[in-house]
$ cat structure.cif   # mmCIF, C-alpha atoms
data_upload
loop_
_atom_site.label_atom_id
_atom_site.label_comp_id
_atom_site.auth_asym_id
_atom_site.auth_seq_id
_atom_site.Cartn_x
_atom_site.Cartn_y
_atom_site.Cartn_z
CA MET A 29 12.23 -11.09 20.59
CA THR A 30 12.99 -12.05 16.99
CA GLU A 31 12.23 -9.80 14.02
CA ARG A 32 9.37 -12.09 13.03
CA GLU A 33 7.83 -11.86 16.48
CA ILE A 34 8.16 -8.08 16.45
CA ILE A 35 6.45 -7.91 13.05
CA LYS A 36 3.63 -10.17 14.26
CA GLY A 37 3.25 -7.98 17.35
CA CYS A 38 3.10 -4.86 15.18
CA LYS A 39 0.48 -6.51 12.99
CA SER A 40 -1.60 -6.98 16.15
CA LYS A 41 -0.93 -3.30 16.99
CA LYS A 42 0.88 -4.18 20.20
CA ARG A 43 2.58 -1.08 21.55
CA LYS A 44 5.50 -3.03 23.03
CA ALA A 45 6.32 -4.54 19.63
CA GLN A 46 5.92 -1.15 17.92
CA LYS A 47 8.39 0.37 20.39
CA MET A 48 10.85 -2.47 19.84
CA LEU A 49 10.66 -2.02 16.08
CA TYR A 50 11.22 1.70 16.51
CA ASP A 51 14.20 1.24 18.84
CA ARG A 52 15.78 -1.27 16.48
CA TYR A 53 15.38 0.59 13.19
CA ALA A 54 14.93 4.28 13.98
CA PRO A 55 18.69 5.09 13.75
CA VAL A 56 18.99 3.42 10.31
CA LEU A 57 15.84 5.04 8.93
CA PHE A 58 16.71 8.42 10.45
CA GLY A 59 20.11 8.11 8.75
CA ILE A 60 18.29 7.77 5.42
CA CYS A 61 16.03 10.75 6.16
CA ARG A 62 19.05 12.85 7.11
CA ARG A 63 20.83 11.92 3.90
CA TYR A 64 17.98 13.52 1.96
CA ILE A 65 16.82 16.24 4.33
CA ARG A 66 19.32 18.55 5.90
CA GLN A 67 17.09 20.17 8.53
CA ASN A 68 16.96 17.98 11.62
CA GLU A 69 13.36 18.88 12.54
CA ASP A 70 12.15 18.18 9.01
CA ALA A 71 13.97 14.85 8.98
CA GLU A 72 12.29 14.00 12.30
CA ASP A 73 8.88 14.73 10.79
CA VAL A 74 9.68 12.44 7.88
CA LEU A 75 10.90 9.71 10.25
CA LEU A 76 7.62 9.95 12.16
CA GLU A 77 5.64 9.66 8.93
CA THR A 78 7.81 6.72 7.87
CA PHE A 79 7.11 4.76 11.05
CA TYR A 80 3.43 5.67 10.95
CA LYS A 81 3.24 4.30 7.41
CA ILE A 82 5.18 1.18 8.42
CA TYR A 83 2.74 0.45 11.27
CA SER A 84 -0.28 1.20 9.08
CA ASN A 85 0.88 -1.01 6.19
CA ILE A 86 2.69 -3.77 8.04
CA GLY A 87 -0.29 -6.06 7.40
CA GLN A 88 0.67 -6.04 3.72
CA TYR A 89 4.16 -7.34 4.49
CA GLY A 90 4.00 -11.08 3.81
CA PHE A 91 7.48 -12.07 5.08
CA LYS A 92 8.73 -12.15 1.49
CA GLY A 93 11.95 -10.25 0.88
CA SER A 94 13.94 -8.16 3.31
CA PHE A 95 11.84 -6.39 5.91
CA GLU A 96 14.58 -3.82 6.45
CA GLY A 97 14.69 -3.17 2.70
CA TRP A 98 10.92 -2.69 2.69
CA MET A 99 11.17 -0.13 5.49
CA LYS A 100 14.08 1.65 3.85
CA ARG A 101 12.08 2.07 0.64
CA ILE A 102 9.29 3.67 2.67
CA ALA A 103 11.82 6.04 4.28
CA ILE A 104 13.24 7.02 0.87
CA ASN A 105 9.76 7.54 -0.61
CA GLU A 106 8.67 9.62 2.37
CA SER A 107 11.82 11.76 2.09
CA LEU A 108 11.23 12.35 -1.61
CA MET A 109 7.58 13.09 -0.94
CA PHE A 110 8.62 15.67 1.62
CA LEU A 111 10.96 17.35 -0.86
CA ARG A 112 8.26 17.39 -3.53
CA LYS A 113 5.49 18.49 -1.16
CA ASN A 114 7.47 21.40 0.17
CA LYS A 115 8.32 22.39 -3.39
CA ASN A 116 11.79 23.13 -2.21
CA PRO A 117 12.89 26.20 -4.20
CA TYR A 118 16.48 24.98 -4.24
CA LEU A 119 15.40 21.63 -5.64
CA ARG A 120 13.41 23.35 -8.40
CA ALA A 121 16.17 25.83 -9.20
CA GLU A 122 18.84 23.17 -9.35
CA LEU A 123 16.84 20.73 -11.37
CA ASN A 124 17.12 22.81 -14.49
CA ASP A 125 17.60 21.08 -17.77
CA ILE A 126 21.25 21.83 -18.40
CA PHE A 127 23.36 19.00 -19.68
CA VAL A 128 26.92 19.22 -18.44
CA GLU A 129 29.46 17.21 -20.34
CA GLY A 130 32.25 15.30 -18.62
CA SER A 131 32.03 13.74 -15.20
CA PRO A 132 34.80 14.03 -12.62
CA ASN A 133 35.96 10.75 -11.12
CA VAL A 134 34.74 11.70 -7.69
CA GLU A 135 34.60 8.11 -6.42
CA GLU A 136 38.39 8.04 -6.17
CA LEU A 137 38.43 11.23 -4.18
CA LEU A 138 35.47 10.37 -1.97
CA PHE A 139 36.99 7.10 -0.82
CA GLU A 140 39.19 8.67 1.82
CA GLN A 141 36.60 11.22 2.90
CA ASP A 142 33.71 11.30 5.29
CA VAL A 143 31.01 10.83 2.68
CA MET A 144 28.16 11.94 4.90
CA LYS A 145 29.77 15.22 5.88
CA LEU A 146 30.44 16.02 2.26
CA LEU A 147 26.93 15.08 1.17
CA GLU A 148 25.50 17.40 3.79
CA GLN A 149 27.27 20.27 2.08
CA LEU A 150 25.70 19.53 -1.29
CA PRO A 151 22.68 21.57 -2.39
CA VAL A 152 19.44 19.63 -2.00
CA GLY A 153 18.90 18.91 -5.71
CA TYR A 154 22.39 17.52 -6.29
CA ARG A 155 22.27 15.57 -3.06
CA THR A 156 18.93 13.95 -3.92
CA VAL A 157 20.09 12.71 -7.33
CA PHE A 158 23.49 11.61 -5.97
CA ASN A 159 21.79 9.69 -3.15
CA LEU A 160 19.34 7.99 -5.47
CA TYR A 161 21.87 7.11 -8.17
CA VAL A 162 25.09 6.38 -6.33
CA ILE A 163 23.90 5.22 -2.91
CA GLU A 164 20.53 3.55 -3.60
CA GLY A 165 21.45 2.34 -7.08
CA TYR A 166 18.40 3.77 -8.89
CA LYS A 167 18.54 4.24 -12.66
CA HIS A 168 18.22 7.70 -14.24
CA ARG A 169 14.82 6.70 -15.64
CA GLU A 170 13.58 5.81 -12.15
CA ILE A 171 14.97 9.03 -10.67
CA ALA A 172 13.30 11.03 -13.40
CA GLU A 173 9.96 9.37 -12.57
CA GLN A 174 10.36 9.82 -8.83
CA LEU A 175 11.29 13.51 -9.04
CA GLY A 176 9.19 14.43 -12.06
CA ILE A 177 12.19 15.55 -14.13
CA SER A 178 13.67 14.45 -17.44
CA ILE A 179 16.32 11.73 -17.71
CA ASN A 180 18.81 14.26 -19.05
CA THR A 181 18.18 16.52 -16.09
CA SER A 182 18.88 13.62 -13.75
CA LYS A 183 22.12 12.89 -15.60
CA SER A 184 23.25 16.49 -15.54
CA GLN A 185 22.40 16.80 -11.85
CA LEU A 186 24.58 13.82 -11.09
CA ILE A 187 27.49 15.29 -13.01
CA GLN A 188 27.08 18.60 -11.24
CA ALA A 189 26.85 16.83 -7.89
CA LYS A 190 30.11 15.00 -8.58
CA ARG A 191 31.75 18.23 -9.71
CA LYS A 192 30.65 19.99 -6.55
CA LEU A 193 31.88 17.11 -4.42
CA SER A 194 35.32 17.15 -6.01
CA GLN A 195 35.50 20.91 -5.36
CA LEU A 196 34.56 20.35 -1.73
CA ILE A 197 37.17 17.59 -1.34
CA LYS A 198 39.89 19.79 -2.82
CA LYS A 199 38.83 22.62 -0.54
CA ASN A 200 38.96 20.28 2.48
CA LYS A 201 42.48 19.14 1.53
CA VAL A 202 43.67 22.72 1.25
CA THR A 203 42.17 23.55 4.64
CA ARG A 204 43.79 20.49 6.22
CA ALA A 205 47.20 21.28 4.67
CA SER A 206 47.16 24.83 5.91
CA MET B 21 36.83 2.48 -8.89
CA ASP B 22 34.14 -0.12 -8.17
CA ARG B 23 35.83 -0.81 -4.87
CA ASN B 24 35.65 2.89 -4.01
CA LEU B 25 32.06 3.11 -5.10
CA ASN B 26 31.15 0.13 -2.97
CA GLU B 27 32.91 1.67 -0.02
CA ILE B 28 31.01 4.94 -0.48
CA ARG B 29 27.73 3.01 -0.69
CA ARG B 30 28.60 0.95 2.36
CA GLN B 31 29.48 4.06 4.34
CA ALA B 32 26.31 5.87 3.33
CA ARG B 33 24.04 2.87 3.83
CA ASN B 34 25.44 2.22 7.29
CA TYR B 35 24.94 5.83 8.27
CA ARG B 36 22.98 5.83 11.52
CA VAL B 37 21.69 8.78 13.50
CA GLU B 38 19.92 8.44 16.80
CA PRO B 39 16.71 10.52 16.62
CA ASN B 40 15.57 12.71 19.48
CA ARG B 41 13.26 10.99 22.00
CA ARG B 42 10.49 13.45 21.19
CA VAL B 43 9.95 11.63 17.84
CA TRP B 44 8.77 8.47 19.62
CA ARG B 45 6.59 10.51 21.99
CA ARG B 46 4.92 12.23 19.04
CA LEU B 47 4.52 8.95 17.20
CA GLU B 48 3.04 7.30 20.27
CA SER B 49 0.49 10.09 20.78
CA ARG B 50 -0.52 9.76 17.12
CA LEU B 51 -0.96 6.02 17.52
CA ASP B 52 -3.06 6.67 20.66
CA GLN B 53 -5.27 9.02 18.67
CA ASP B 54 -5.78 6.24 16.14
CA LYS B 55 -6.84 3.90 18.93
CA GLY B 56 -9.53 6.44 19.83
CA LYS B 57 -10.62 6.44 16.22
CA ILE B 58 -10.81 2.64 16.26
CA SER B 59 -13.16 2.65 19.26
CA ILE B 60 -15.45 5.10 17.44
CA SER B 61 -15.44 2.86 14.38
CA THR B 62 -16.13 -0.18 16.58
CA LEU B 63 -19.13 1.63 18.04
CA ALA B 64 -20.32 2.49 14.53
CA GLY B 65 -19.86 -1.15 13.54
CA ALA B 66 -21.90 -2.33 16.52
CA LEU B 67 -24.68 0.10 15.61
CA ALA B 68 -24.63 -1.11 12.03
CA MET B 69 -24.85 -4.72 13.19
CA ALA B 70 -27.82 -3.92 15.46
CA ALA B 71 -29.57 -2.14 12.59
CA THR B 72 -28.93 -5.11 10.29
CA PHE B 73 -30.31 -7.49 12.93
CA ILE B 74 -33.51 -5.45 13.24
CA ILE B 75 -33.95 -5.28 9.45
CA VAL B 76 -33.34 -9.03 8.99
CA THR B 77 -35.68 -9.95 11.87
CA THR B 78 -38.46 -7.73 10.48
CA TRP B 79 -37.96 -9.20 7.01
CA MET B 80 -38.10 -12.79 8.31
CA LEU B 81 -41.29 -12.06 10.27
CA THR B 82 -42.86 -10.63 7.13
CA ILE B 83 -41.88 -13.70 5.08
CA SER B 84 -43.25 -16.05 7.74
CA SER B 85 -46.64 -14.26 7.81
CA THR B 86 -46.79 -14.40 3.98
CA GLU B 87 -46.18 -18.16 4.08
CA GLN B 88 -49.00 -18.57 6.56
CA LEU B 89 -51.27 -16.65 4.21
CA ASP B 90 -50.32 -19.00 1.33
CA MET B 91 -51.15 -22.02 3.41
CA GLN B 92 -54.54 -20.55 4.20
CA ASP B 93 -55.17 -20.01 0.48
CA LEU B 94 -54.38 -23.67 -0.18
CA LYS B 95 -56.81 -24.72 2.50
CA VAL B 96 -59.53 -22.68 0.84
CA ASP B 97 -58.90 -24.68 -2.40
CA ASN B 98 -59.58 -27.75 -0.31
CA LEU B 99 -57.79 -30.09 -2.68
CA SER B 100 -57.56 -33.69 -1.60
CA THR B 101 -54.24 -35.52 -1.85
CA ALA B 102 -55.73 -37.84 -4.47
CA SER B 103 -56.69 -34.83 -6.56
CA VAL B 104 -53.18 -33.41 -6.34
CA TYR B 105 -51.67 -36.78 -7.36
CA GLU B 106 -54.11 -36.96 -10.23
CA GLN B 107 -53.11 -33.55 -11.48
CA VAL B 108 -49.41 -34.38 -11.21
CA GLY B 109 -50.09 -37.60 -13.13
CA ASN B 110 -51.86 -35.61 -15.78
CA VAL B 111 -48.88 -33.31 -16.15
CA HIS B 112 -46.54 -36.28 -16.63
CA ALA B 113 -48.87 -37.88 -19.14
CA ALA B 114 -49.23 -34.65 -21.04
CA TYR B 115 -45.47 -34.22 -21.22
CA ALA B 116 -44.99 -37.83 -22.30
CA SER B 117 -47.52 -37.50 -25.11
CA GLN B 118 -45.91 -34.44 -26.68
CA ASN B 119 -43.93 -34.93 -29.84
CA TRP B 120 -42.03 -31.70 -30.02
CA LYS B 121 -38.33 -31.85 -29.24
CA ASN B 122 -36.34 -30.30 -26.43
CA ILE B 123 -39.04 -29.46 -23.98
CA GLU B 124 -37.66 -26.74 -21.77
CA GLU B 125 -39.03 -26.71 -18.25
CA GLY B 126 -40.87 -23.60 -17.34
CA ARG B 127 -41.19 -22.13 -20.81
CA GLU B 128 -44.27 -24.07 -21.88
CA LYS B 129 -47.65 -22.57 -21.42
CA VAL B 130 -49.77 -24.94 -19.32
CA THR B 131 -53.50 -24.58 -19.07
CA LEU B 132 -55.58 -26.58 -16.65
CA ILE B 133 -59.04 -27.31 -18.02
CA SER B 134 -61.65 -28.52 -15.59
CA SER B 135 -64.83 -30.10 -16.91
CA LYS B 136 -68.21 -29.83 -15.25
CA SER B 137 -67.95 -33.45 -14.17
CA GLY B 138 -64.81 -32.61 -12.20
CA ALA B 139 -62.27 -34.29 -14.52
CA THR B 140 -59.23 -32.19 -15.29
CA THR B 141 -57.16 -32.13 -18.44
CA LEU B 142 -54.02 -30.24 -19.23
CA LYS B 143 -53.25 -28.40 -22.42
CA ILE B 144 -49.56 -27.75 -22.95
CA GLN B 145 -48.34 -25.40 -25.60
CA PRO B 146 -44.62 -25.36 -26.44
CA PRO B 147 -42.70 -22.08 -26.56
CA ALA B 148 -42.98 -20.45 -29.96
CA ASP B 149 -39.28 -20.97 -30.80
CA SER B 150 -39.34 -24.72 -29.90
CA VAL B 151 -41.93 -25.78 -32.44
CA ASN B 152 -40.45 -27.49 -35.48
#
$ encode --input "structure.cif" --output "structure tokens"
Amino acid sequence: MTEREIIKGCKSKKRKAQKMLYDRYAPVLFGICRRYIRQNEDAEDVLLETFYKIYSNIGQYGFKGSFEGWMKRIAINESLMFLRKNKNPYLRAELNDIFVEGSPNVEELLFEQDVMKLLEQLPVGYRTVFNLYVIEGYKHREIAEQLGISINTSKSQLIQAKRKLSQLIKKNKVTRAS
Amino acid sequence: MDRNLNEIRRQARNYRVEPNRRVWRRLESRLDQDKGKISISTLAGALAMAATFIIVTTWMLTISSTEQLDMQDLKVDNLSTASVYEQVGNVHAAYASQNWKNIEEGREKVTLISSKSGATTLKIQPPADSVN
């Protein structure tokens, strides 16, 4: 069954097509949810909501642009909505308006590392901004709008995220050496 | 650095995690619940359609009986075809004889004057704003 056929089947609410879509894209979309949400059960809830929204709104998809991209955006939005809805205390506490000057060149260090394992160790606020800026390619203005924070806060969060990552990488190297 | 950044993005974007099977089971049960909701809405729709049908039928019956009443009224007038043609002719003549400009259909005040001998004449008054 081609992607187009699956989409048409989902538009007709055919369970077989819905299952095929789920089987094909659940690992990718769950990967996105897990990048934003550390708790497995919470990420599962968000994945469920993501697919429910995909099935409910698939009629609006007019075969223009990437279907996978469209679904990924839903997964990202649902993850952010979860973080906002739960008013994560860590997210609030970390998203304080402190501007930190100087950004470590963490990209060089991250290259040889398992990015996902390191991201999992980041506090939720840092991780969210890092994900949105570095991985998804959002601009600080867009991040500020999505999270309801100022642009400067977004910038400072990114710097702090990079700083934390470089610390974690150094720590990992020390552990490996010993 | 761009190369590194791209590699980080690639790694993160290709990150795949197989979710537990319970997620699909939960999703499926939610979709089933929605199906139940759809059947309720279908039933409501059918009821609404039946109600509309009854209202429209009643309305059409009412209209039809009104039309019959109008026809009866015309019969009471007992106008002959010749009389009707005559009156229509009078209307045309009256319009043709008027010298005001831009006669607007329906805005003129038309008065039908019947004489004792049975002859009918029409008096047409233009709308107040059309008179020059």
$ closest_atom_pairs --input "structure.cif" --of "chain A" --to "chain B" --cutoff "8 Å" --atoms "all atoms listed in the file" --output "JSON lines"
{"residue": "A:Tyr50", "atom": "CA", "partner": "B:Trp44", "partner_atom": "CA", "distance": 7.8}
{"residue": "A:Ala54", "atom": "CA", "partner": "B:Pro39", "partner_atom": "CA", "distance": 7.0}
{"residue": "A:Pro55", "atom": "CA", "partner": "B:Glu38", "partner_atom": "CA", "distance": 4.7}
{"residue": "A:Val56", "atom": "CA", "partner": "B:Arg36", "partner_atom": "CA", "distance": 4.8}
{"residue": "A:Leu57", "atom": "CA", "partner": "B:Arg36", "partner_atom": "CA", "distance": 7.6}
{"residue": "A:Phe58", "atom": "CA", "partner": "B:Val37", "partner_atom": "CA", "distance": 5.9}
{"residue": "A:Gly59", "atom": "CA", "partner": "B:Arg36", "partner_atom": "CA", "distance": 4.6}
{"residue": "A:Ile60", "atom": "CA", "partner": "B:Tyr35", "partner_atom": "CA", "distance": 7.5}
{"residue": "A:Glu72", "atom": "CA", "partner": "B:Val43", "partner_atom": "CA", "distance": 6.5}
{"residue": "A:Asp73", "atom": "CA", "partner": "B:Val43", "partner_atom": "CA", "distance": 7.8}
{"residue": "A:Leu75", "atom": "CA", "partner": "B:Val43", "partner_atom": "CA", "distance": 7.9}
{"residue": "A:Leu76", "atom": "CA", "partner": "B:Leu47", "partner_atom": "CA", "distance": 6.0}
{"residue": "A:Phe79", "atom": "CA", "partner": "B:Leu47", "partner_atom": "CA", "distance": 7.9}
{"residue": "A:Tyr80", "atom": "CA", "partner": "B:Leu47", "partner_atom": "CA", "distance": 7.1}
{"residue": "A:Glu135", "atom": "CA", "partner": "B:Leu25", "partner_atom": "CA", "distance": 5.8}
{"residue": "A:Glu136", "atom": "CA", "partner": "B:Asn24", "partner_atom": "CA", "distance": 6.2}
{"residue": "A:Leu138", "atom": "CA", "partner": "B:Ile28", "partner_atom": "CA", "distance": 7.2}
{"residue": "A:Phe139", "atom": "CA", "partner": "B:Asn24", "partner_atom": "CA", "distance": 5.4}
{"residue": "A:Val143", "atom": "CA", "partner": "B:Ile28", "partner_atom": "CA", "distance": 6.7}
{"residue": "A:Met144", "atom": "CA", "partner": "B:Ala32", "partner_atom": "CA", "distance": 6.5}
{"residue": "A:Val162", "atom": "CA", "partner": "B:Arg29", "partner_atom": "CA", "distance": 7.1}
{"residue": "A:Ile163", "atom": "CA", "partner": "B:Arg29", "partner_atom": "CA", "distance": 4.9}
{"residue": "A:Glu164", "atom": "CA", "partner": "B:Arg29", "partner_atom": "CA", "distance": 7.8}
$ write_last_selection --input "structure.cif" --atoms "C-alpha atoms" --output "mmCIF file, keeping the file's coordinate frame"
data_model
loop_
_atom_site.group_PDB
_atom_site.id
_atom_site.type_symbol
_atom_site.label_atom_id
_atom_site.label_comp_id
_atom_site.auth_asym_id
_atom_site.auth_seq_id
_atom_site.Cartn_x
_atom_site.Cartn_y
_atom_site.Cartn_z
ATOM 1 C CA TYR A 50 11.220 1.700 16.510
ATOM 2 C CA ALA A 54 14.930 4.280 13.980
ATOM 3 C CA PRO A 55 18.690 5.090 13.750
ATOM 4 C CA VAL A 56 18.990 3.420 10.310
ATOM 5 C CA LEU A 57 15.840 5.040 8.930
ATOM 6 C CA PHE A 58 16.710 8.420 10.450
ATOM 7 C CA GLY A 59 20.110 8.110 8.750
ATOM 8 C CA ILE A 60 18.290 7.770 5.420
ATOM 9 C CA GLU A 72 12.290 14.000 12.300
ATOM 10 C CA ASP A 73 8.880 14.730 10.790
ATOM 11 C CA LEU A 75 10.900 9.710 10.250
ATOM 12 C CA LEU A 76 7.620 9.950 12.160
ATOM 13 C CA PHE A 79 7.110 4.760 11.050
ATOM 14 C CA TYR A 80 3.430 5.670 10.950
ATOM 15 C CA GLU A 135 34.600 8.110 -6.420
ATOM 16 C CA GLU A 136 38.390 8.040 -6.170
ATOM 17 C CA LEU A 138 35.470 10.370 -1.970
ATOM 18 C CA PHE A 139 36.990 7.100 -0.820
ATOM 19 C CA VAL A 143 31.010 10.830 2.680
ATOM 20 C CA MET A 144 28.160 11.940 4.900
ATOM 21 C CA VAL A 162 25.090 6.380 -6.330
ATOM 22 C CA ILE A 163 23.900 5.220 -2.910
ATOM 23 C CA GLU A 164 20.530 3.550 -3.600
#
$ atom_distance --input "structure.cif" --atom1 "CA of Lys81 in chain A" --atom2 "CA of Ile102 in chain A"
7.7 Å
$ atom_distance --input "structure.cif" --atom1 "CA of Asn85 in chain A" --atom2 "CA of Lys39 in chain A"
8.8 Å
$ atom_distance --input "structure.cif" --atom1 "CA of Leu196 in chain A" --atom2 "CA of Lys183 in chain A"
20.1 Å
$ closest_residue --input "structure.cif" --among "A:Ile65, A:Ala71, A:Ala103, A:Leu49" --to "Tyr83 in chain A" --atoms "all atoms listed in the file"
A:Leu49
$ resolve_selection --input "structure.cif" --expression "the PyMOL selection byres ((chain A and resi 151) around 10)" --output "ChimeraX atom specification"
/A:66,118-119,122,147-150,152-156,189,192
$ closest_residue --input "structure.cif" --among "A:Lys92, A:Ile34, A:Ile197, A:Lys145" --to "Arg63 in chain A" --atoms "all atoms listed in the file"
A:Lys145
$ resolve_selection --input "structure.cif" --expression "the PyMOL selection byres ((chain A and resi 168) around 10)" --output "PyMOL selection string"
chain A and resi 157+160-161+165-167+169-174+177-183+186
$ closest_residue --input "structure.cif" --among "A:Ser107, A:Gln46, A:Asn114, A:Asn68" --to "Ile82 in chain A" --atoms "all atoms listed in the file"
A:Gln46
$ closest_residue --input "structure.cif" --among "A:Leu146, A:Cys61, A:Leu193, A:Ile35" --to "Leu111 in chain A" --atoms "only C-alpha atoms"
A:Cys61
$ residues_near_point --input "structure.cif" --point "(4.6, -15.6, 8.1)" --cutoff "9 Å" --atoms "only C-alpha atoms" --output "VMD selection string"
chain A and resid 32 36 90 to 92
$ build_atoms --input "structure.cif" --residues "range 90-98 of chain A" --atoms "all heavy atoms" --output "PDB file, in the frame of the given file"
ATOM      1  N   GLY A  90       4.272  -9.644   3.722  1.00  0.00           N
ATOM      2  CA  GLY A  90       4.000 -11.080   3.810  1.00  0.00           C
ATOM      3  C   GLY A  90       5.239 -11.916   4.070  1.00  0.00           C
ATOM      4  O   GLY A  90       5.297 -13.063   3.634  1.00  0.00           O
ATOM      5  N   PHE A  91       6.225 -11.372   4.738  1.00  0.00           N
ATOM      6  CA  PHE A  91       7.480 -12.070   5.080  1.00  0.00           C
ATOM      7  C   PHE A  91       8.224 -12.542   3.827  1.00  0.00           C
ATOM      8  O   PHE A  91       8.945 -13.522   3.851  1.00  0.00           O
ATOM      9  CB  PHE A  91       7.214 -13.259   6.020  1.00  0.00           C
ATOM     10  CG  PHE A  91       6.654 -12.827   7.348  1.00  0.00           C
ATOM     11  CD1 PHE A  91       5.293 -12.873   7.596  1.00  0.00           C
ATOM     12  CD2 PHE A  91       7.492 -12.356   8.353  1.00  0.00           C
ATOM     13  CE1 PHE A  91       4.773 -12.457   8.804  1.00  0.00           C
ATOM     14  CE2 PHE A  91       6.973 -11.944   9.572  1.00  0.00           C
ATOM     15  CZ  PHE A  91       5.618 -11.992   9.807  1.00  0.00           C
ATOM     16  N   LYS A  92       7.992 -11.849   2.723  1.00  0.00           N
ATOM     17  CA  LYS A  92       8.730 -12.150   1.490  1.00  0.00           C
ATOM     18  C   LYS A  92       9.700 -11.000   1.250  1.00  0.00           C
ATOM     19  O   LYS A  92       9.274  -9.860   1.185  1.00  0.00           O
ATOM     20  CB  LYS A  92       7.784 -12.308   0.305  1.00  0.00           C
ATOM     21  CG  LYS A  92       7.013 -13.623   0.342  1.00  0.00           C
ATOM     22  CD  LYS A  92       5.939 -13.654  -0.728  1.00  0.00           C
ATOM     23  CE  LYS A  92       5.031 -14.848  -0.524  1.00  0.00           C
ATOM     24  NZ  LYS A  92       3.807 -14.746  -1.323  1.00  0.00           N
ATOM     25  N   GLY A  93      10.966 -11.300   1.091  1.00  0.00           N
ATOM     26  CA  GLY A  93      11.950 -10.250   0.880  1.00  0.00           C
ATOM     27  C   GLY A  93      12.378  -9.644   2.202  1.00  0.00           C
ATOM     28  O   GLY A  93      11.827  -9.943   3.250  1.00  0.00           O
ATOM     29  N   SER A  94      13.375  -8.754   2.104  1.00  0.00           N
ATOM     30  CA  SER A  94      13.940  -8.160   3.310  1.00  0.00           C
ATOM     31  C   SER A  94      12.983  -7.144   3.928  1.00  0.00           C
ATOM     32  O   SER A  94      12.518  -6.227   3.258  1.00  0.00           O
ATOM     33  CB  SER A  94      15.267  -7.483   2.954  1.00  0.00           C
ATOM     34  OG  SER A  94      15.570  -6.468   3.872  1.00  0.00           O
ATOM     35  N   PHE A  95      12.729  -7.321   5.210  1.00  0.00           N
ATOM     36  CA  PHE A  95      11.840  -6.390   5.910  1.00  0.00           C
ATOM     37  C   PHE A  95      12.519  -5.024   6.051  1.00  0.00           C
ATOM     38  O   PHE A  95      11.887  -3.990   5.881  1.00  0.00           O
ATOM     39  CB  PHE A  95      11.513  -6.969   7.301  1.00  0.00           C
ATOM     40  CG  PHE A  95      10.598  -6.099   8.117  1.00  0.00           C
ATOM     41  CD1 PHE A  95       9.320  -5.816   7.668  1.00  0.00           C
ATOM     42  CD2 PHE A  95      11.016  -5.561   9.317  1.00  0.00           C
ATOM     43  CE1 PHE A  95       8.476  -5.006   8.409  1.00  0.00           C
ATOM     44  CE2 PHE A  95      10.173  -4.751  10.067  1.00  0.00           C
ATOM     45  CZ  PHE A  95       8.902  -4.483   9.613  1.00  0.00           C
ATOM     46  N   GLU A  96      13.834  -5.074   6.318  1.00  0.00           N
ATOM     47  CA  GLU A  96      14.580  -3.820   6.450  1.00  0.00           C
ATOM     48  C   GLU A  96      14.563  -3.051   5.130  1.00  0.00           C
ATOM     49  O   GLU A  96      14.384  -1.836   5.103  1.00  0.00           O
ATOM     50  CB  GLU A  96      16.010  -4.107   6.895  1.00  0.00           C
ATOM     51  CG  GLU A  96      16.735  -2.848   7.353  1.00  0.00           C
ATOM     52  CD  GLU A  96      18.127  -3.125   7.901  1.00  0.00           C
ATOM     53  OE1 GLU A  96      18.363  -4.225   8.430  1.00  0.00           O
ATOM     54  OE2 GLU A  96      18.970  -2.221   7.788  1.00  0.00           O
ATOM     55  N   GLY A  97      14.730  -3.793   4.028  1.00  0.00           N
ATOM     56  CA  GLY A  97      14.690  -3.170   2.700  1.00  0.00           C
ATOM     57  C   GLY A  97      13.341  -2.526   2.438  1.00  0.00           C
ATOM     58  O   GLY A  97      13.266  -1.422   1.886  1.00  0.00           O
ATOM     59  N   TRP A  98      12.283  -3.213   2.866  1.00  0.00           N
ATOM     60  CA  TRP A  98      10.920  -2.690   2.690  1.00  0.00           C
ATOM     61  C   TRP A  98      10.758  -1.380   3.454  1.00  0.00           C
ATOM     62  O   TRP A  98      10.209  -0.397   2.944  1.00  0.00           O
ATOM     63  CB  TRP A  98       9.917  -3.742   3.191  1.00  0.00           C
ATOM     64  CG  TRP A  98       8.484  -3.380   3.084  1.00  0.00           C
ATOM     65  CD1 TRP A  98       7.739  -3.306   1.954  1.00  0.00           C
ATOM     66  CD2 TRP A  98       7.596  -3.036   4.173  1.00  0.00           C
ATOM     67  NE1 TRP A  98       6.440  -2.947   2.266  1.00  0.00           N
ATOM     68  CE2 TRP A  98       6.331  -2.783   3.609  1.00  0.00           C
ATOM     69  CE3 TRP A  98       7.762  -2.931   5.552  1.00  0.00           C
ATOM     70  CZ2 TRP A  98       5.237  -2.422   4.393  1.00  0.00           C
ATOM     71  CZ3 TRP A  98       6.661  -2.577   6.334  1.00  0.00           C
ATOM     72  CH2 TRP A  98       5.415  -2.323   5.743  1.00  0.00           C
TER      73      TRP A  98
END
